[in-house]
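Q: Structure provided below as structure tokens; questions to follow.
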Amino acid sequence: PATVTLTPATATLPPGGSQDFRVTLDVPAPAGGTTVTLGLAPAAGTIPASVLVPANQLFADFTLTLDASGTSVVVTATLGGSMDTAAVTVSAGSGGLVINEVDYDSVGTDTGEFIELYNGTSGTIVLDGLSLVRVNGSGATPVVYPTGAPIALTGSLAPGGYLVVATTTVVVDPGARVIRFADPMDNVQNGASDGIAIIDTARMVVVDALSYEGSITAVMIAGVGVVSLVEGAPIRAGNEDSNSIAGSLSRLPNGTDTNDAESDWGFTSSPTPGAINVP
């Protein structure tokens, strides 16, 4: 083999995200295989130092995992005088793991509540170490509820994948991952004002946040400190869930995250738990 190609040539990941890459030779590797040297600049993540293409094979795969610094990187694959590169852009504010849709107020009793998360990146997101926190802001001081019981997330979420936390009566798209609330109703607060946040318990930072029916600008979250759940301008008055019209609060278009809640969120009468949001 004389040349090596690295694919994909570009990728967009959140801080801490991962991406699978492939090195491909121009001809199959000889007996004993062919070693391709790998590089990462700057060193803001982890990849193997090299990857072995087995004998008689054209390609081999490896995984890049970014650190939490939010630094974009370039991956290199080198074979003799041949080198190929891939540019990885870090997007912390858009295209990452986001709270994508919330139905917190059902018609009649609140048995249809759900919270949908969405991976808008081109890479798999590892969920281990992340938690979903719900905040009641209707009192004098906003508090996390239930006390000391965030929802731990585990496993991973594929590119374009959905994770829905829902009551047992909610019909979730079969392609989505599902976590069921333990209680049959009243799992998501619907009084003004309330909020939701995704917390990285390893880095102790807020990954994404939503404040609805009002602005929660200061809430104490254990291990993180006092944080705001408002991104940019608050959601416009009138853009809230309803107990008289079936619907949900959604990012419109699906997955949009400009870090401005007023622009990103709107009410839709067509809830889509585990599928693309529609107006």
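As shown in the structure tokens, the chain order sets the letters A, B, ...; within each chain, residues go from 1, and ligands are also counted from 1 in the order they appear.
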Within 9 Å of Arg236 (chain A), counting only C-alpha atoms, which residues show up once you throw out same-chain ones fewer than 2 positions away? Write them as a list in words, please.
A: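 Listing them by chain and then by number gives Glu213, Ala233, Pro234, Gly238, Asn239, Glu240, Ala261, Glu262, Ser263, Trp265 and Gly266 of chain A.
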Q: Give me a file of those residues, with N, CA and C atoms, as a CSV table (one decimal), in the first residue's frame.
A:
```csv
chain,number,residue,atom,x,y,z
A,213,GLU,N,-42.5,29.0,31.0
A,213,GLU,CA,-43.5,29.8,31.8
A,213,GLU,C,-42.9,30.7,32.8
A,233,ALA,N,-32.7,35.2,25.3
A,233,ALA,CA,-34.0,35.8,25.7
A,233,ALA,C,-34.9,34.7,26.1
A,234,PRO,N,-35.8,34.9,27.1
A,234,PRO,CA,-36.7,33.9,27.6
A,234,PRO,C,-37.7,33.6,26.5
A,238,GLY,N,-47.1,33.2,25.8
A,238,GLY,CA,-48.0,32.6,24.9
A,238,GLY,C,-47.4,31.3,24.3
A,239,ASN,N,-46.1,31.1,24.4
A,239,ASN,CA,-45.4,29.9,23.9
A,239,ASN,C,-45.3,29.0,25.1
A,240,GLU,N,-46.4,28.4,25.5
A,240,GLU,CA,-46.3,27.4,26.6
A,240,GLU,C,-47.3,26.3,26.4
A,261,ALA,N,-33.6,31.1,23.7
A,261,ALA,CA,-34.9,30.4,23.9
A,261,ALA,C,-36.0,31.0,23.2
A,262,GLU,N,-36.0,32.3,23.1
A,262,GLU,CA,-37.1,33.0,22.4
A,262,GLU,C,-37.2,32.6,20.9
A,263,SER,N,-36.0,32.4,20.3
A,263,SER,CA,-36.0,32.0,18.9
A,263,SER,C,-36.2,30.5,18.7
A,265,TRP,N,-37.7,28.0,20.7
A,265,TRP,CA,-38.8,27.3,21.2
A,265,TRP,C,-40.2,27.8,20.8
A,266,GLY,N,-41.1,26.9,20.6
A,266,GLY,CA,-42.5,27.3,20.2
A,266,GLY,C,-43.5,26.2,20.6
```
Q: Can you list, as a ChimeraX atom specification, every protein, DNA or RNA residue that comes within 9 Å of Leu64 (chain A) when you count only C-alpha atoms, leaving out same-chain residues fewer than 4 positions away?
A: /A:17-21,45-48,75
Q: Generate a file of the selected residues that holds N, CA and C atoms, formatted as a PDB file, in the first residue's frame.
A:
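Just written: out10.pdb:
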```pdb
ATOM      1  N   GLY A  17     -17.698  14.516  23.046  1.00  0.00           N
ATOM      2  CA  GLY A  17     -18.314  13.601  22.087  1.00  0.00           C
ATOM      3  C   GLY A  17     -17.290  12.691  21.439  1.00  0.00           C
ATOM      4  N   SER A  18     -17.782  11.650  20.751  1.00  0.00           N
ATOM      5  CA  SER A  18     -16.893  10.708  20.091  1.00  0.00           C
ATOM      6  C   SER A  18     -17.319  10.501  18.647  1.00  0.00           C
ATOM      7  N   GLN A  19     -16.363  10.079  17.817  1.00  0.00           N
ATOM      8  CA  GLN A  19     -16.607   9.882  16.387  1.00  0.00           C
ATOM      9  C   GLN A  19     -15.758   8.715  15.894  1.00  0.00           C
ATOM     10  N   ASP A  20     -16.380   7.817  15.128  1.00  0.00           N
ATOM     11  CA  ASP A  20     -15.642   6.717  14.508  1.00  0.00           C
ATOM     12  C   ASP A  20     -15.066   7.178  13.179  1.00  0.00           C
ATOM     13  N   PHE A  21     -13.793   6.824  12.927  1.00  0.00           N
ATOM     14  CA  PHE A  21     -13.118   7.127  11.671  1.00  0.00           C
ATOM     15  C   PHE A  21     -12.632   5.837  11.019  1.00  0.00           C
ATOM     16  N   GLY A  45      -8.128  15.535  22.984  1.00  0.00           N
ATOM     17  CA  GLY A  45      -8.941  14.331  22.953  1.00  0.00           C
ATOM     18  C   GLY A  45      -8.039  13.119  22.946  1.00  0.00           C
ATOM     19  N   THR A  46      -8.617  11.957  22.713  1.00  0.00           N
ATOM     20  CA  THR A  46      -7.833  10.721  22.710  1.00  0.00           C
ATOM     21  C   THR A  46      -8.127   9.914  21.447  1.00  0.00           C
ATOM     22  N   ILE A  47      -7.063   9.419  20.818  1.00  0.00           N
ATOM     23  CA  ILE A  47      -7.135   8.452  19.729  1.00  0.00           C
ATOM     24  C   ILE A  47      -5.957   7.493  19.922  1.00  0.00           C
ATOM     25  N   PRO A  48      -6.006   6.309  19.318  1.00  0.00           N
ATOM     26  CA  PRO A  48      -4.828   5.444  19.390  1.00  0.00           C
ATOM     27  C   PRO A  48      -3.661   6.050  18.617  1.00  0.00           C
ATOM     28  N   VAL A  75      -7.500  15.530  12.832  1.00  0.00           N
ATOM     29  CA  VAL A  75      -6.999  14.155  12.919  1.00  0.00           C
ATOM     30  C   VAL A  75      -6.170  13.870  11.678  1.00  0.00           C
TER      31      VAL A  75
END
```
Q: Could you pull out the strand (DSSP E or B) residues of region 97-251 of chain A, going by DSSP on the backbone, and write them as a PyMOL selection string?
A: chain A and resi 97-103+114-119+125-126+130-136+143-145+151-153+156-157+162-166+177-180+194-200+205-212+219-221+225-227+248-251
Q: What lies within 10 Å of Gly120 (chain A) using only C-alpha atoms, ignoring chain neighbours under 4 positions off, as a PDB file with C-alpha atoms, in the first residue's frame?
A:
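Okay, this is what ended up in part08.pdb:
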```pdb
ATOM      1  CA  THR A  12     -19.154  18.143  14.282  1.00  0.00           C
ATOM      2  CA  LEU A  13     -19.161  17.019  17.908  1.00  0.00           C
ATOM      3  CA  PRO A  14     -20.095  18.395  21.313  1.00  0.00           C
ATOM      4  CA  SER A  94     -25.742  24.074  18.663  1.00  0.00           C
ATOM      5  CA  GLY A  95     -25.981  20.570  17.310  1.00  0.00           C
ATOM      6  CA  GLY A  96     -25.100  18.939  20.622  1.00  0.00           C
ATOM      7  CA  LEU A  97     -27.201  16.982  23.089  1.00  0.00           C
ATOM      8  CA  VAL A  98     -30.270  19.143  23.714  1.00  0.00           C
ATOM      9  CA  ASN A 100     -35.692  19.016  22.275  1.00  0.00           C
ATOM     10  CA  THR A 124     -22.294   9.137  18.987  1.00  0.00           C
ATOM     11  CA  ILE A 125     -22.715  10.852  22.377  1.00  0.00           C
ATOM     12  CA  ALA A 158     -26.454   7.673  18.023  1.00  0.00           C
ATOM     13  CA  PRO A 159     -26.249  10.641  15.632  1.00  0.00           C
ATOM     14  CA  GLY A 160     -29.754  11.998  15.100  1.00  0.00           C
ATOM     15  CA  GLY A 161     -31.014   9.788  17.919  1.00  0.00           C
ATOM     16  CA  TYR A 162     -33.734  10.536  20.454  1.00  0.00           C
ATOM     17  CA  ASN A 254     -36.179  20.267  15.183  1.00  0.00           C
ATOM     18  CA  GLY A 255     -32.913  20.393  17.136  1.00  0.00           C
ATOM     19  CA  THR A 256     -32.362  24.130  16.610  1.00  0.00           C
ATOM     20  CA  ASP A 257     -30.162  25.541  19.376  1.00  0.00           C
TER      21      ASP A 257
END
```
Q: With only C-alpha atoms as the atoms that count, which of A:Ala166, A:Val88, A:Ile235, A:Ile221 lies nearest to Ala149 (chain A)?
A: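 Once distances to Ala149 (chain A) are computed over only C-alpha atoms, the minimum belongs to A:Ile221.
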Q: Give me, as a PyMOL selection string, all polymer residues having an atom no more than 12 Å from Val27 (chain A), counting only C-alpha atoms and skipping those fewer than 2 positions away in the same chain.
A: chain A and resi 1-5+24-25+29-30+33-34+53-59
Q: I need the residue nearest Val165 (chain A) from this list: A:Val188, A:Leu249, A:Ala140, A:Ile115. Use only C-alpha atoms for the distance.
A: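 Of the candidates, the smallest distance to Val165 (chain A) is held by A:Ile115.
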Q: Which residue gives the smallest distance to Leu130 (chain A) among A:Ala202, A:Leu117, A:Leu229, A:Met220, with only C-alpha atoms counted?
A: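 Checking each candidate against Leu130 (chain A), we get A:Ala202 as the closest.
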Q: Find the residues around Val219 (chain A) up to 7 Å (only C-alpha atoms counted), leave out those fewer than 4 positions away in its own chain, and share them as a VMD selection string.
A: chain A and resid 142 to 143 226 to 228
